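Student: Could you have a look at this structure, given as structure tokens, before my questions?
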Amino acid sequence: MSIEIIASAPNAALPIWLVKKGGLEHSKLSSEAKSWAIANNFNGSAGALLVLPGNDGHVSGVVFGLGAGDDSLIFGRLATTLPNGVWSFADVPAKPELAMLGFMLGGYRFDAYKAADKSRKVVLVAPANVDVAAIKRQAEAVALARDLINTPANDMGPEAIENAARSVAGKFKAKTKVTLGPQLIKQNFPMIHAVGRAASESPRLIDITWGSKSAPKITLVGKGVAFDTGGLDIKPSSSMLLMKKDMGGAANVLALGALIMGAGLKVRLRILIPAVENSISANAFRPGDVLSSRKGITVEIGNTDAEGRLILADALALADEEGPEILIDMATLTGAARVALGPDLPPFYTDDDALADALSDAGDKVEDPIWRMPLWKPYESKLASKIADTNNVTTDGFAGSITAALFLKKFVSKAKTWAHFDIFGWNPVEKAHAPVGGEAQAIRAIFEVLQQRYPA
């Protein structure tokens, strides 16, 4: 599938007429086109498309349904329904940038393991004053996250995550350092090593830096669990089916990092990815073990399937040591977050009200939904341990996403601002702008805030 957006067309492009549900009568369509729409039961339902015939027997344009008109990403449906050719909007969408982005996102397909559909070639001309290059950067970043998450674990282990990170860093001439295997112990990342030591591929910490050393420090930390068996507290088979996506946090911070570097924001960017596989072997860490951490906090293991927060804790402790202006971590961390808010609405946690408001406003603006959840301090007591400084899980199972966030918060003390995103990283049902599969979540909202604060 070839989907492209361009700033202008060398030749005349066919028109796309936009109609809200029930708005056919008041549209700018000709009387003949309206009659054709009525005859074909077209009423402007969201994503509906009707081809308009010309007098010469060829296509003269299309009518596209907007529904209530409150979903700009509905234009992703055009990527799969428009006839081949070059097209432009006869009516400018209310949010033209999001409409173009929706179109690009809707054309994404993960075809690394099957023959690609090369029969579709659709080009959409952007309305005036739309930054086509910026739209393409966003679409490419989302596609990067989707590709990494969709790739099965046999081809996306810790080493492949490292290679993907090096590829992104190389594109923008960023520096990459990797701490591998036994070096994790020597350099004081004991929990990353403990979680990943049972796998055939060595655990590692990937450290990318970019930008002027004098610029504000923005650090992103992404959970990179290539596959999660649950460890010795093994998951049932049904719960393992999507565990290739447990590196979704790593995929999302790499995509966000690519956006930041591609836009040239005035920041000192650091990306930290602890990349491991939570496997089962004779040397796997056990329930009841007590692990040391980089921060010096000892952690009793109440459950080996709560491994993501352990590797994040060591990475967060490292990030926190230089006191960044903003520290953000992203992780496919808890099923509790899905129970609370479902797959499409990632919760985020922060003590910074100004940042929370900015993120929420940005999420609404760019239609990248997120929802603030409370760091409810009284729940911290649920993480108590009788033999260590903390447990990695609670015993009652309540408020799992909140208590996971509170656990991570223990490892952040110097950063001026910290935010934790508990993402799902997956579309369980098809959307106009996204097929079933891996998904970038919250990165467009975060980027919008960073772009406003640290413009290029």
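Chains: A, B, ... in order of the structure tokens. Residues: from 1 per chain. Ligands: from 1, in order shown.
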Do you know which residues are at most 7 Å from segment 11-24 of chain A counting only C-alpha atoms, after dropping those on the same chain fewer than 5 positions away, and could you put them as a PDB file with C-alpha atoms, in the first residue's frame?

Tutor:
ATOM      1  CA  LYS A  34     -26.915  15.100  -3.694  1.00  0.00           C
ATOM      2  CA  ASN A  43     -26.129  10.026   5.112  1.00  0.00           C
ATOM      3  CA  GLY A  44     -22.669  11.173   6.250  1.00  0.00           C
ATOM      4  CA  SER A  45     -21.966   8.386   8.749  1.00  0.00           C
ATOM      5  CA  SER A  60     -15.372  12.763 -10.640  1.00  0.00           C
ATOM      6  CA  GLY A  61     -14.835  12.802  -6.864  1.00  0.00           C
ATOM      7  CA  VAL A  62     -15.969  11.270  -3.601  1.00  0.00           C
ATOM      8  CA  VAL A  63     -18.158  12.215  -0.666  1.00  0.00           C
ATOM      9  CA  PHE A  64     -16.762  11.356   2.762  1.00  0.00           C
ATOM     10  CA  GLY A  65     -18.824  11.088   5.929  1.00  0.00           C
ATOM     11  CA  LEU A  66     -17.648  12.841   9.080  1.00  0.00           C
ATOM     12  CA  GLY A  67     -20.311  11.568  11.461  1.00  0.00           C
ATOM     13  CA  ALA A  68     -20.614  14.091  14.282  1.00  0.00           C
ATOM     14  CA  GLY A  69     -17.378  15.700  13.113  1.00  0.00           C
ATOM     15  CA  VAL A  86      -4.338  12.068  -6.512  1.00  0.00           C
ATOM     16  CA  TRP A  87      -6.924  13.712  -4.253  1.00  0.00           C
ATOM     17  CA  SER A  88      -7.507  16.991  -2.456  1.00  0.00           C
ATOM     18  CA  PHE A  89     -10.139  18.335  -0.079  1.00  0.00           C
ATOM     19  CA  ALA A  90     -12.947  20.336  -1.662  1.00  0.00           C
ATOM     20  CA  ASP A  91     -13.902  21.300   1.909  1.00  0.00           C
TER      21      ASP A  91
END

Student: Counting only C-alpha atoms, what is within 10 Å of Arg294 of chain A, bar same-chain residues fewer than 6 positions away, as a list in words?

Tutor: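 After dropping sequence-adjacent residues, the list is Ile185, Gln187, Asn188, Phe189, Pro190, Met191, Ile192, Ala313, Asp314, Ala315, Leu316, Ala317, Leu318 and Phe411 of chain A.
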
Student: May I have the residues within 7 Å of Val449 of chain A as number ranges by chain, using only C-alpha atoms and disregarding those fewer than 6 positions away in the same chain?

Tutor: A: 358-359, 362

Student: Within segment 244-352 of chain A, find each residue whose DSSP state, derived from the backbone, is strand (DSSP E or B), and express the selection as a list in words.

Tutor: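 These are the residues in question: Arg268, Leu269, Arg270, Ile271, Leu272, Ile273, Pro274, Ala275, Val276, Glu277, Asn278, Val290, Leu291, Val299, Glu300, Ile326, Leu327, Ile328, Asp329, Met330, Ala331, Pro347, Phe348, Tyr349 and Thr350 of chain A.
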
Student: When DSSP is applied to the backbone of this structure, which of segment 116-332 of chain A are assigned alpha helix (DSSP H)? Write them out as a ChimeraX atom specification.

Tutor: /A:132-150,158-171,183-186,190-196,237-240,248-263,308-321

Student: Within 8 Å of segment 271-280 of chain A, counting only C-alpha atoms, which residues show up once you throw out same-chain ones fewer than 4 positions away? Write them as a ChimeraX atom specification, please.

Tutor: /A:157-158,161-162,192,195-196,198-199,201-209,219-232,247,250,253-254,257,284,307,311-312,315,319
